[in-house]
>>> print(open('model-v5.csv').read())   # CSV, C-alpha atoms
chain,number,residue,atom,x,y,z
U,27,VAL,CA,82.8,140.0,68.6
U,28,ALA,CA,82.7,140.7,72.3
U,29,LYS,CA,84.0,137.9,74.5
U,30,ASP,CA,81.3,136.1,76.6
U,31,VAL,CA,82.2,137.0,80.2
U,32,ARG,CA,80.5,133.9,81.4
U,33,LEU,CA,83.4,131.9,79.8
U,34,ALA,CA,86.1,133.7,81.8
U,35,PRO,CA,86.5,131.0,84.5
U,36,LEU,CA,86.6,128.3,81.9
U,37,ARG,CA,89.2,130.4,80.0
U,38,ASP,CA,91.3,130.5,83.2
U,39,GLN,CA,91.1,126.7,83.6
U,40,LEU,CA,91.9,125.9,80.0
U,41,ARG,CA,94.5,128.7,79.7
U,42,ALA,CA,93.1,129.3,76.3
U,43,GLU,CA,90.1,131.0,74.6
U,44,PRO,CA,87.3,128.4,74.7
U,45,PRO,CA,85.5,127.8,71.4
U,46,ALA,CA,83.0,130.5,70.7
U,47,ALA,CA,80.2,127.9,70.3
U,48,LEU,CA,80.3,127.4,74.1
U,49,SER,CA,78.4,130.7,74.4
U,50,ARG,CA,75.3,128.7,73.4
U,51,LEU,CA,75.4,126.9,76.8
U,52,THR,CA,73.5,128.1,79.8
U,53,GLY,CA,75.3,129.6,82.8
U,54,ASP,CA,74.9,126.4,84.8
U,55,GLN,CA,76.3,124.3,82.0
U,56,ILE,CA,79.3,126.5,81.6
U,57,ARG,CA,79.9,126.3,85.4
U,58,ASP,CA,79.6,122.5,85.3
U,59,LEU,CA,82.1,122.3,82.5
U,60,THR,CA,84.5,124.6,84.3
U,61,VAL,CA,84.2,122.5,87.5
U,62,ALA,CA,84.8,119.3,85.5
U,63,VAL,CA,88.1,120.7,84.1
U,64,GLU,CA,89.2,122.1,87.5
U,65,GLU,CA,88.4,118.8,89.2
U,66,ALA,CA,90.3,116.8,86.5
U,67,ARG,CA,93.4,119.0,87.0
U,68,HIS,CA,93.2,118.7,90.8
U,69,ARG,CA,92.6,115.0,90.7
U,70,GLN,CA,95.6,114.6,88.5
U,71,ALA,CA,97.8,116.6,90.8
U,72,GLU,CA,96.7,114.6,93.8
U,73,GLU,CA,97.2,111.2,92.0
U,74,LEU,CA,100.6,112.3,90.8
U,75,GLU,CA,101.7,113.2,94.3
U,76,ALA,CA,100.3,110.0,95.9
U,77,ALA,CA,101.9,107.8,93.2
U,78,GLY,CA,105.3,109.6,93.5
U,79,GLU,CA,105.4,108.7,97.2
U,80,ALA,CA,104.0,105.2,96.8
U,81,ALA,CA,106.6,104.4,94.1
U,82,PHE,CA,109.4,104.8,96.6
U,83,ALA,CA,108.3,101.7,98.4
U,84,LEU,CA,109.2,99.7,95.2
U,85,VAL,CA,112.5,101.4,94.4
U,86,PRO,CA,115.5,99.5,95.7
U,87,ARG,CA,117.0,101.3,98.8
U,88,LEU,CA,120.3,101.8,97.0
U,89,LEU,CA,118.6,103.9,94.4
U,90,ARG,CA,116.2,105.9,96.6
U,91,ALA,CA,118.6,108.8,97.3
U,92,PRO,CA,119.6,109.5,93.7
U,93,VAL,CA,115.9,109.1,92.6
U,94,ARG,CA,114.8,111.5,95.3
U,95,ARG,CA,117.5,114.0,94.2
U,96,MET,CA,116.2,113.8,90.6
U,97,LEU,CA,112.6,114.5,91.9
U,98,ARG,CA,113.6,117.6,93.9
Z,17,MET,CA,81.6,110.2,59.7
Z,18,SER,CA,78.2,111.9,60.1
Z,19,GLU,CA,78.0,115.0,62.3
Z,20,ALA,CA,76.0,113.1,64.9
Z,21,LEU,CA,78.7,110.3,65.1
Z,22,GLU,CA,81.4,112.9,65.2
Z,23,VAL,CA,79.8,114.6,68.1
Z,24,ARG,CA,79.3,111.3,69.9
Z,25,ALA,CA,83.0,110.4,69.4
Z,26,GLU,CA,84.1,113.7,70.7
Z,27,LEU,CA,81.9,113.5,73.7
Z,28,LEU,CA,83.3,110.1,74.5
Z,29,ARG,CA,86.9,111.4,74.3
Z,30,LEU,CA,86.1,114.5,76.4
Z,31,SER,CA,84.2,112.6,79.1
Z,32,ARG,CA,87.1,110.2,79.4
Z,33,LEU,CA,89.6,113.1,79.8
Z,34,LEU,CA,87.3,114.7,82.5
Z,35,ARG,CA,86.4,111.3,84.0
Z,36,ARG,CA,82.7,112.0,83.7
Z,37,GLU,CA,80.1,109.7,82.2
Z,38,PRO,CA,79.2,110.8,78.6
Z,39,ASP,CA,75.6,111.3,79.8
Z,40,GLU,CA,76.8,113.9,82.4
Z,41,LEU,CA,78.1,116.0,79.5
Z,42,ALA,CA,75.0,115.4,77.3
Z,43,TYR,CA,74.4,119.2,77.3
Z,44,LEU,CA,77.4,119.5,74.9
Z,45,ALA,CA,75.8,117.3,72.3
Z,46,GLU,CA,74.0,120.3,70.7
Z,47,LEU,CA,77.4,121.9,69.9
Z,48,PRO,CA,79.1,121.4,66.5
Z,49,SER,CA,81.7,118.6,66.5
Z,50,VAL,CA,84.4,121.1,65.4
Z,51,ALA,CA,83.9,123.1,68.6
Z,52,LEU,CA,83.9,119.9,70.8
Z,53,ARG,CA,87.1,118.8,69.1
Z,54,GLU,CA,88.7,122.2,69.9
Z,55,LEU,CA,87.5,122.0,73.5
Z,56,ARG,CA,88.8,118.4,73.8
Z,57,GLU,CA,92.2,119.5,72.4
Z,58,GLN,CA,92.3,122.4,74.9
Z,59,VAL,CA,91.5,120.0,77.8
Z,60,THR,CA,94.1,117.6,76.6
Z,61,ALA,CA,96.7,120.3,76.5
Z,62,VAL,CA,95.9,121.4,80.0
Z,63,LEU,CA,96.0,117.9,81.5
Z,64,PHE,CA,99.1,116.8,79.6
Z,65,ASP,CA,101.0,120.0,80.2
Z,66,SER,CA,99.7,121.0,83.7
Z,67,HIS,CA,102.3,119.1,85.6
Z,68,ALA,CA,105.0,119.1,83.0
Z,69,THR,CA,107.8,119.8,85.5
Z,70,VAL,CA,106.8,116.9,87.9
Z,71,LEU,CA,106.2,114.6,84.9
Z,72,GLY,CA,109.6,115.6,83.5
Z,73,LYS,CA,111.4,114.9,86.8
Z,74,LEU,CA,109.6,111.5,87.1
Z,75,VAL,CA,110.8,110.5,83.6
Z,76,ALA,CA,114.4,111.7,84.4
Z,77,ALA,CA,114.3,109.7,87.6
Z,78,SER,CA,112.9,106.6,85.8
Z,79,ARG,CA,116.1,106.5,83.7
Z,80,LEU,CA,118.0,105.4,86.9
Z,81,LEU,CA,115.8,102.4,87.2
Z,82,PRO,CA,115.6,99.2,85.2
Z,83,VAL,CA,112.9,99.0,82.6
Z,84,ALA,CA,111.2,96.1,84.3
Z,85,LEU,CA,110.8,98.1,87.5
Z,86,VAL,CA,109.5,101.2,85.7
Z,87,ALA,CA,106.9,99.0,84.0
Z,88,GLN,CA,105.9,97.5,87.3
Z,89,LEU,CA,105.6,101.0,88.8
Z,90,GLY,CA,103.5,102.1,85.9
Z,91,GLU,CA,101.1,99.3,86.3
Z,92,ARG,CA,100.9,99.0,90.1
Z,93,ILE,CA,101.4,102.5,91.3
Z,94,PHE,CA,100.8,105.1,88.6
Z,95,GLY,CA,98.0,103.4,86.8
Z,96,ALA,CA,96.8,103.8,83.3
Z,97,THR,CA,95.9,107.5,83.3
Z,98,LEU,CA,99.2,108.8,84.7
Z,99,SER,CA,101.1,106.3,82.6
Z,100,ALA,CA,99.3,107.8,79.6
Z,101,ARG,CA,100.3,111.3,80.6
Z,102,VAL,CA,104.0,110.2,80.9
Z,103,ALA,CA,104.2,107.9,77.8
Z,104,GLY,CA,105.0,110.6,75.3
Z,105,ARG,CA,107.9,111.9,77.5
Z,106,LEU,CA,109.6,108.6,77.8
Z,107,ASP,CA,112.6,107.6,75.6
Z,108,PRO,CA,110.8,105.7,72.9
Z,109,GLU,CA,113.1,102.7,73.1
Z,110,ARG,CA,112.5,102.3,76.8
Z,111,ALA,CA,108.8,102.9,76.4
Z,112,VAL,CA,108.6,100.1,73.8
Z,113,GLU,CA,110.6,97.8,76.1
Z,114,MET,CA,108.1,98.6,78.9
Z,115,ALA,CA,105.1,98.0,76.6
Z,116,ASP,CA,106.6,94.5,75.9
Z,117,ARG,CA,106.6,93.7,79.6
Z,118,LEU,CA,103.1,95.1,80.5
Z,119,PRO,CA,100.0,93.0,80.3
Z,120,VAL,CA,97.8,93.6,77.3
Z,121,PRO,CA,94.7,94.7,79.3
Z,122,PHE,CA,96.8,97.4,81.0
Z,123,LEU,CA,98.2,98.6,77.6
Z,124,ALA,CA,94.6,98.8,76.4
Z,125,ASP,CA,93.7,100.9,79.5
Z,126,VAL,CA,96.6,103.2,78.7
Z,127,ALA,CA,95.5,103.4,75.1
Z,128,THR,CA,92.1,104.7,76.1
Z,129,GLU,CA,93.7,107.4,78.2
Z,130,LEU,CA,96.4,108.4,75.7
Z,131,ASP,CA,96.5,111.3,73.3
Z,132,PRO,CA,98.2,109.4,70.4
Z,133,ARG,CA,99.6,112.7,69.0
Z,134,ARG,CA,101.8,113.1,72.1
Z,135,ALA,CA,103.2,109.6,71.9
Z,136,SER,CA,103.4,109.1,68.2
Z,137,ASP,CA,107.1,108.0,68.3
Z,138,VAL,CA,106.4,105.3,70.9
Z,139,ILE,CA,103.2,104.0,69.2
Z,140,ALA,CA,105.0,103.7,65.8
Z,141,ARG,CA,107.7,101.5,67.4
Z,142,ILE,CA,105.5,99.0,69.1
Z,143,PRO,CA,105.9,95.7,67.4
Z,144,PRO,CA,103.0,94.6,65.1
Z,145,ASP,CA,102.2,91.5,67.2
Z,146,ARG,CA,101.8,93.7,70.3
Z,147,VAL,CA,99.6,96.1,68.4
Z,148,ALA,CA,97.5,93.2,67.2
Z,149,ALA,CA,97.1,91.9,70.8
Z,150,VAL,CA,96.0,95.4,72.1
Z,151,SER,CA,93.7,95.8,69.1
Z,152,ARG,CA,92.0,92.4,70.0
Z,153,GLU,CA,91.5,93.6,73.5
Z,154,LEU,CA,90.1,97.0,72.5
Z,155,THR,CA,87.8,95.3,70.0
Z,156,ALA,CA,86.5,93.1,72.7
Z,157,ARG,CA,85.8,96.2,74.8
Z,158,GLY,CA,84.1,98.0,71.9
Z,159,GLU,CA,86.7,100.8,72.0
Z,160,PHE,CA,86.4,101.8,68.4
Z,161,VAL,CA,86.8,105.5,69.0
Z,162,THR,CA,90.1,104.8,70.7
Z,163,MET,CA,91.3,102.6,67.9
Z,164,GLY,CA,90.2,105.2,65.3
Z,165,SER,CA,92.5,107.8,66.9
Z,166,PHE,CA,95.5,105.5,66.7
Z,167,VAL,CA,95.4,104.4,63.1
Z,168,SER,CA,97.2,107.5,61.7
Z,169,HIS,CA,100.1,106.9,64.1
Z,170,LEU,CA,100.7,103.3,63.1
Z,171,PRO,CA,103.0,102.1,60.4
Z,172,PRO,CA,101.5,99.9,57.6
Z,173,SER,CA,102.9,96.7,59.2
Z,174,SER,CA,101.1,97.4,62.5
Z,175,ILE,CA,97.8,98.4,60.7
Z,176,ALA,CA,97.9,95.2,58.8
Z,177,ALA,CA,98.4,93.2,62.1
Z,178,ALA,CA,95.6,95.1,63.8
Z,179,VAL,CA,93.1,94.5,61.0
Z,180,GLU,CA,94.1,90.9,60.9
Z,181,ALA,CA,93.0,90.7,64.6
Z,182,MET,CA,89.6,92.3,64.0
Z,183,ASP,CA,86.4,91.0,62.5
Z,184,ALA,CA,84.4,92.8,59.7
Z,185,ALA,CA,82.1,94.5,62.2
Z,186,ALA,CA,85.0,96.0,64.2
Z,187,MET,CA,86.8,97.1,61.1
Z,188,LEU,CA,83.8,98.9,59.9
Z,189,GLU,CA,83.1,100.5,63.3
Z,190,VAL,CA,86.8,101.8,63.4
Z,191,ALA,CA,86.7,103.0,59.8
Z,192,ILE,CA,83.6,105.0,60.5
Z,193,VAL,CA,85.1,106.8,63.5
Z,194,LEU,CA,88.6,107.1,62.0
Z,195,GLU,CA,90.0,110.4,63.2
Z,196,ARG,CA,92.1,110.9,60.1
Z,197,LYS,CA,89.9,109.8,57.2
Z,198,ASP,CA,92.7,110.7,54.7
Z,199,ARG,CA,94.4,107.5,55.9
Z,200,LEU,CA,91.4,105.4,54.9
Z,201,PRO,CA,92.8,104.5,51.3
Z,202,ASP,CA,96.1,103.3,52.9
Z,203,VAL,CA,94.1,101.1,55.3
Z,204,ILE,CA,91.8,99.7,52.6
Z,205,ALA,CA,94.9,99.0,50.5
Z,206,LEU,CA,96.2,96.7,53.2
Z,207,LEU,CA,93.0,94.6,53.2
Z,208,GLU,CA,92.4,91.4,51.2
Z,209,PRO,CA,89.4,91.9,48.8
Z,210,GLY,CA,87.6,89.2,50.8
Z,211,ARG,CA,87.8,91.3,53.9
Z,212,VAL,CA,86.4,94.3,52.1
Z,213,GLU,CA,83.5,92.1,51.0
Z,214,GLU,CA,83.0,91.0,54.6
Z,215,MET,CA,82.7,94.6,55.7
Z,216,ILE,CA,80.2,95.3,52.9
Z,217,ALA,CA,78.1,92.3,53.9
Z,218,PHE,CA,78.2,93.4,57.5
Z,219,ALA,CA,77.3,97.0,56.6
Z,220,ALA,CA,74.4,95.9,54.5
Z,221,ASP,CA,72.9,93.9,57.3
Z,222,SER,CA,73.5,96.4,60.0
Z,223,ASN,CA,72.2,99.8,60.9
Z,224,LEU,CA,75.5,101.3,59.7
Z,225,ALA,CA,74.8,101.1,56.0
Z,226,GLU,CA,74.5,104.9,55.6
Z,227,GLU,CA,77.7,105.6,57.5
Z,228,ALA,CA,79.5,102.9,55.5
Z,229,LEU,CA,78.4,104.5,52.2
Z,230,GLY,CA,79.9,107.8,53.5
Z,231,LEU,CA,83.3,106.1,53.6
Z,232,LEU,CA,83.2,105.8,49.8
Z,233,ASP,CA,84.0,109.6,49.6
Z,234,TYR,CA,87.4,109.0,51.2
Z,235,MET,CA,88.4,106.0,49.1
Z,236,SER,CA,90.6,106.2,46.0
Z,237,GLU,CA,88.8,106.0,42.7
Z,238,ALA,CA,90.0,102.4,42.1
Z,239,GLN,CA,88.9,101.4,45.6
Z,240,ARG,CA,85.5,103.1,45.1
Z,241,ALA,CA,85.0,101.3,41.8
Z,242,SER,CA,85.9,98.0,43.3
Z,243,VAL,CA,83.5,98.4,46.2
Z,244,MET,CA,80.7,99.5,43.8
Z,245,ARG,CA,81.3,96.3,41.7
Z,246,MET,CA,81.1,94.2,44.9
Z,247,LEU,CA,77.8,96.0,45.8
Z,248,GLU,CA,76.3,95.4,42.4
Z,249,LEU,CA,77.3,91.7,42.5
Z,250,ARG,CA,75.7,91.4,45.9
Z,251,GLU,CA,72.5,93.0,44.7
Z,252,ARG,CA,72.4,90.8,41.7
Z,253,ARG,CA,72.9,87.7,43.9
Z,254,SER,CA,70.1,88.7,46.2
Z,255,ALA,CA,67.7,89.7,43.4
>>> encode(input="model-v5.csv", output="structure tokens")
Amino acid sequence: VAKDVRLAPLRDQLRAEPPAALSRLTGDQIRDLTVAVEEARHRQAEELEAAGEAAFALVPRLLRAPVRRMLR
Amino acid sequence: MSEALEVRAELLRLSRLLRREPDELAYLAELPSVALRELREQVTAVLFDSHATVLGKLVAASRLLPVALVAQLGERIFGATLSARVAGRLDPERAVEMADRLPVPFLADVATELDPRRASDVIARIPPDRVAAVSRELTARGEFVTMGSFVSHLPPSSIAAAVEAMDAAAMLEVAIVLERKDRLPDVIALLEPGRVEEMIAFAADSNLAEEALGLLDYMSEAQRASVMRMLELRERRSA
């Protein structure tokens, strides 16, 4: 069965072959789903970075240097 | 579970992962549940594995800190979603200690964001009384799909504590959306006959009767016979 080329961007985001049934979706729907996955990944990266920085404020000064070394 | 309920449960899980309202993904409702499940597992893998290096370093660094502080960081800074991403990477003993220090509403938040398969070791070690408290909170929120995903990762003592904390309506709702139906006989075996009767009574008076009858397929022969006897008795009484 030929791969649905419309699913290629979603395949990139998922790093896996999307279920074949997704070919039943319209182009707009596939794009929306792709954007949703992309946004979720970006949001997570941003939140992770922000939380990592904010966490330092609560880490005792004595431990900040070793913790920072572990995070490098 | 009927195909329609299966689809609804998968859409709920997927929308939570993508932080969309289920309505925004309504266009997926026409797809078979098996495809939605595969898609949800792919999205889960991407989100849980995308920042594996950073998450791994965070966990390594957290070992330098006291458990109480890590719990505080989880609740105040990282929040439920990131805590759920990290949970399965933590040393189970430390994770359980943390769970003991965190407020129940926060643990319930984490539970709704967690992929139980990735934190099975941690979930299995959480003391039954804590599981019961979180179950109570999830029941109050109507988080039956979340609870249905956890059952197969809990030991019998925790399942018993959880069902003790739930009323008949909640037990039936969870049983219907149970992710691993093959565990249903084990769960039913933990229930007092009176509780099964309560579930039957609730099912009969609710719009879930058909879904509840579908559960018979997953029960052991003895359990099925026992439920049928209860149903007959109920019918005779009401005749």
>>> residues_near_point(input="model-v5.csv", point="(92.6, 116.1, 61.0)", cutoff="12 Å", atoms="all atoms listed in the file", output="MDAnalysis selection string")
chainID Z and resid 50 53:54 57 133 164:165 168 194:199
>>> residues_around(input="model-v5.csv", residues="segment 62-76 of chain Z", least_positions_apart="2", cutoff="6 Å", atoms="all atoms listed in the file", output="list in words")
Leu97 of chain U; Val59, Thr60, Ser78, Arg79 and Arg101 of chain Z
>>> residues_around(input="model-v5.csv", residues="Arg69 of chain U", least_positions_apart="2", cutoff="12 Å", atoms="only C-alpha atoms", output="ChimeraX atom specification")
/U:61-67,71-76 /Z:33-35,63,66-67,97-98
>>> closest_residue(input="model-v5.csv", among="Z:Leu170, Z:Leu247, Z:Ile93, Z:Leu80", to="Arg95 of chain U", atoms="all atoms listed in the file")
Z:Leu80
>>> closest_residue(input="model-v5.csv", among="U:Glu79, U:Val93, U:Leu84, U:Pro35", to="Leu59 of chain U", atoms="only C-alpha atoms")
U:Pro35
>>> residues_around(input="model-v5.csv", residues="Ser136 of chain Z", least_positions_apart="3", cutoff="10 Å", atoms="all atoms listed in the file", output="list in words")
Ala103, Gly104, Pro108, Asp131, Pro132, Arg133, Ile139, Ala140, Arg141, Phe166, Ser168, His169 and Leu170 of chain Z
>>> closest_residue(input="model-v5.csv", among="Z:Arg56, Z:Arg240, Z:Arg211, Z:Arg252", to="chain U", atoms="all atoms listed in the file")
Z:Arg56
>>> closest_residue(input="model-v5.csv", among="U:Gly53, U:Leu33, U:Glu43, U:Ala77", to="chain Z", atoms="all atoms listed in the file")
U:Ala77
>>> closest_residue(input="model-v5.csv", among="Z:Val190, Z:Met235, Z:Ala25, Z:Leu55", to="chain U", atoms="only C-alpha atoms")
Z:Leu55
>>> atom_distance(input="model-v5.csv", atom1="atom CA of Leu200 of chain Z", atom2="atom CA of Leu231 of chain Z")
8.2 Å
>>> build_atoms(input="model-v5.csv", residues="segment 29-40 of chain Z", atoms="all heavy atoms", output="PDB file, keeping the file's coordinate frame")
ATOM      1  N   ARG Z  29      85.477 111.042  73.983  1.00  0.00           N
ATOM      2  CA  ARG Z  29      86.900 111.400  74.300  1.00  0.00           C
ATOM      3  C   ARG Z  29      86.956 112.420  75.394  1.00  0.00           C
ATOM      4  O   ARG Z  29      87.780 112.305  76.306  1.00  0.00           O
ATOM      5  CB  ARG Z  29      87.542 111.975  73.001  1.00  0.00           C
ATOM      6  CG  ARG Z  29      87.701 110.970  71.880  1.00  0.00           C
ATOM      7  CD  ARG Z  29      88.461 111.579  70.704  1.00  0.00           C
ATOM      8  NE  ARG Z  29      88.503 110.651  69.589  1.00  0.00           N
ATOM      9  CZ  ARG Z  29      87.871 110.834  68.425  1.00  0.00           C
ATOM     10  NH1 ARG Z  29      87.172 111.929  68.207  1.00  0.00           N
ATOM     11  NH2 ARG Z  29      87.957 109.939  67.471  1.00  0.00           N
ATOM     12  N   LEU Z  30      86.077 113.411  75.339  1.00  0.00           N
ATOM     13  CA  LEU Z  30      86.100 114.500  76.400  1.00  0.00           C
ATOM     14  C   LEU Z  30      85.702 113.922  77.728  1.00  0.00           C
ATOM     15  O   LEU Z  30      86.333 114.248  78.751  1.00  0.00           O
ATOM     16  CB  LEU Z  30      85.143 115.591  75.928  1.00  0.00           C
ATOM     17  CG  LEU Z  30      85.164 116.868  76.754  1.00  0.00           C
ATOM     18  CD1 LEU Z  30      86.554 117.507  76.740  1.00  0.00           C
ATOM     19  CD2 LEU Z  30      84.139 117.876  76.224  1.00  0.00           C
ATOM     20  N   SER Z  31      84.662 113.086  77.772  1.00  0.00           N
ATOM     21  CA  SER Z  31      84.200 112.600  79.100  1.00  0.00           C
ATOM     22  C   SER Z  31      85.288 111.682  79.696  1.00  0.00           C
ATOM     23  O   SER Z  31      85.466 111.672  80.899  1.00  0.00           O
ATOM     24  CB  SER Z  31      82.905 111.765  78.891  1.00  0.00           C
ATOM     25  OG  SER Z  31      83.108 110.656  78.067  1.00  0.00           O
ATOM     26  N   ARG Z  32      86.040 111.013  78.842  1.00  0.00           N
ATOM     27  CA  ARG Z  32      87.100 110.200  79.400  1.00  0.00           C
ATOM     28  C   ARG Z  32      88.214 111.050  79.979  1.00  0.00           C
ATOM     29  O   ARG Z  32      88.728 110.756  81.044  1.00  0.00           O
ATOM     30  CB  ARG Z  32      87.685 109.359  78.207  1.00  0.00           C
ATOM     31  CG  ARG Z  32      88.573 108.268  78.647  1.00  0.00           C
ATOM     32  CD  ARG Z  32      88.631 107.182  77.613  1.00  0.00           C
ATOM     33  NE  ARG Z  32      87.597 106.200  77.782  1.00  0.00           N
ATOM     34  CZ  ARG Z  32      87.179 105.383  76.834  1.00  0.00           C
ATOM     35  NH1 ARG Z  32      87.692 105.465  75.632  1.00  0.00           N
ATOM     36  NH2 ARG Z  32      86.254 104.489  77.070  1.00  0.00           N
ATOM     37  N   LEU Z  33      88.539 112.144  79.312  1.00  0.00           N
ATOM     38  CA  LEU Z  33      89.600 113.100  79.800  1.00  0.00           C
ATOM     39  C   LEU Z  33      89.130 113.656  81.169  1.00  0.00           C
ATOM     40  O   LEU Z  33      89.929 113.808  82.087  1.00  0.00           O
ATOM     41  CB  LEU Z  33      89.773 114.217  78.839  1.00  0.00           C
ATOM     42  CG  LEU Z  33      90.744 114.014  77.694  1.00  0.00           C
ATOM     43  CD1 LEU Z  33      90.631 115.180  76.726  1.00  0.00           C
ATOM     44  CD2 LEU Z  33      92.172 113.902  78.204  1.00  0.00           C
ATOM     45  N   LEU Z  34      87.849 113.999  81.246  1.00  0.00           N
ATOM     46  CA  LEU Z  34      87.300 114.700  82.500  1.00  0.00           C
ATOM     47  C   LEU Z  34      86.855 113.672  83.501  1.00  0.00           C
ATOM     48  O   LEU Z  34      86.425 114.067  84.580  1.00  0.00           O
ATOM     49  CB  LEU Z  34      86.195 115.621  82.074  1.00  0.00           C
ATOM     50  CG  LEU Z  34      86.595 116.786  81.175  1.00  0.00           C
ATOM     51  CD1 LEU Z  34      85.362 117.583  80.726  1.00  0.00           C
ATOM     52  CD2 LEU Z  34      87.565 117.722  81.893  1.00  0.00           C
ATOM     53  N   ARG Z  35      86.907 112.385  83.151  1.00  0.00           N
ATOM     54  CA  ARG Z  35      86.400 111.300  84.000  1.00  0.00           C
ATOM     55  C   ARG Z  35      84.969 111.567  84.457  1.00  0.00           C
ATOM     56  O   ARG Z  35      84.624 111.545  85.643  1.00  0.00           O
ATOM     57  CB  ARG Z  35      87.321 111.111  85.224  1.00  0.00           C
ATOM     58  CG  ARG Z  35      88.647 110.544  84.791  1.00  0.00           C
ATOM     59  CD  ARG Z  35      89.252 109.684  85.839  1.00  0.00           C
ATOM     60  NE  ARG Z  35      90.682 109.898  85.856  1.00  0.00           N
ATOM     61  CZ  ARG Z  35      91.455 109.670  86.894  1.00  0.00           C
ATOM     62  NH1 ARG Z  35      90.929 109.232  88.017  1.00  0.00           N
ATOM     63  NH2 ARG Z  35      92.725 109.874  86.825  1.00  0.00           N
ATOM     64  N   ARG Z  36      84.183 111.874  83.469  1.00  0.00           N
ATOM     65  CA  ARG Z  36      82.700 112.000  83.700  1.00  0.00           C
ATOM     66  C   ARG Z  36      82.074 110.948  82.759  1.00  0.00           C
ATOM     67  O   ARG Z  36      82.675 110.523  81.768  1.00  0.00           O
ATOM     68  CB  ARG Z  36      82.249 113.372  83.207  1.00  0.00           C
ATOM     69  CG  ARG Z  36      82.696 114.526  84.120  1.00  0.00           C
ATOM     70  CD  ARG Z  36      81.666 114.753  85.173  1.00  0.00           C
ATOM     71  NE  ARG Z  36      81.919 115.944  85.966  1.00  0.00           N
ATOM     72  CZ  ARG Z  36      81.190 117.039  85.907  1.00  0.00           C
ATOM     73  NH1 ARG Z  36      80.179 117.135  85.052  1.00  0.00           N
ATOM     74  NH2 ARG Z  36      81.444 118.054  86.697  1.00  0.00           N
ATOM     75  N   GLU Z  37      80.862 110.579  83.091  1.00  0.00           N
ATOM     76  CA  GLU Z  37      80.100 109.700  82.200  1.00  0.00           C
ATOM     77  C   GLU Z  37      79.658 110.583  81.005  1.00  0.00           C
ATOM     78  O   GLU Z  37      79.316 111.757  81.205  1.00  0.00           O
ATOM     79  CB  GLU Z  37      78.856 109.169  82.907  1.00  0.00           C
ATOM     80  CG  GLU Z  37      79.154 108.136  83.971  1.00  0.00           C
ATOM     81  CD  GLU Z  37      79.856 106.906  83.426  1.00  0.00           C
ATOM     82  OE1 GLU Z  37      79.495 106.461  82.316  1.00  0.00           O
ATOM     83  OE2 GLU Z  37      80.779 106.407  84.094  1.00  0.00           O
ATOM     84  N   PRO Z  38      79.637 110.023  79.790  1.00  0.00           N
ATOM     85  CA  PRO Z  38      79.200 110.800  78.600  1.00  0.00           C
ATOM     86  C   PRO Z  38      77.828 111.474  78.869  1.00  0.00           C
ATOM     87  O   PRO Z  38      77.599 112.607  78.445  1.00  0.00           O
ATOM     88  CB  PRO Z  38      79.149 109.805  77.495  1.00  0.00           C
ATOM     89  CG  PRO Z  38      80.126 108.748  77.895  1.00  0.00           C
ATOM     90  CD  PRO Z  38      80.085 108.678  79.391  1.00  0.00           C
ATOM     91  N   ASP Z  39      76.943 110.775  79.577  1.00  0.00           N
ATOM     92  CA  ASP Z  39      75.600 111.300  79.800  1.00  0.00           C
ATOM     93  C   ASP Z  39      75.668 112.625  80.652  1.00  0.00           C
ATOM     94  O   ASP Z  39      74.810 113.498  80.515  1.00  0.00           O
ATOM     95  CB  ASP Z  39      74.761 110.317  80.635  1.00  0.00           C
ATOM     96  CG  ASP Z  39      74.281 109.194  79.747  1.00  0.00           C
ATOM     97  OD1 ASP Z  39      74.528 109.294  78.524  1.00  0.00           O
ATOM     98  OD2 ASP Z  39      73.688 108.234  80.254  1.00  0.00           O
ATOM     99  N   GLU Z  40      76.665 112.715  81.525  1.00  0.00           N
ATOM    100  CA  GLU Z  40      76.800 113.900  82.400  1.00  0.00           C
ATOM    101  C   GLU Z  40      77.145 115.147  81.527  1.00  0.00           C
ATOM    102  O   GLU Z  40      76.958 116.274  81.968  1.00  0.00           O
ATOM    103  CB  GLU Z  40      77.861 113.704  83.438  1.00  0.00           C
ATOM    104  CG  GLU Z  40      77.512 112.653  84.476  1.00  0.00           C
ATOM    105  CD  GLU Z  40      78.650 112.485  85.471  1.00  0.00           C
ATOM    106  OE1 GLU Z  40      78.846 113.376  86.304  1.00  0.00           O
ATOM    107  OE2 GLU Z  40      79.355 111.463  85.377  1.00  0.00           O
TER     108      GLU Z  40
END
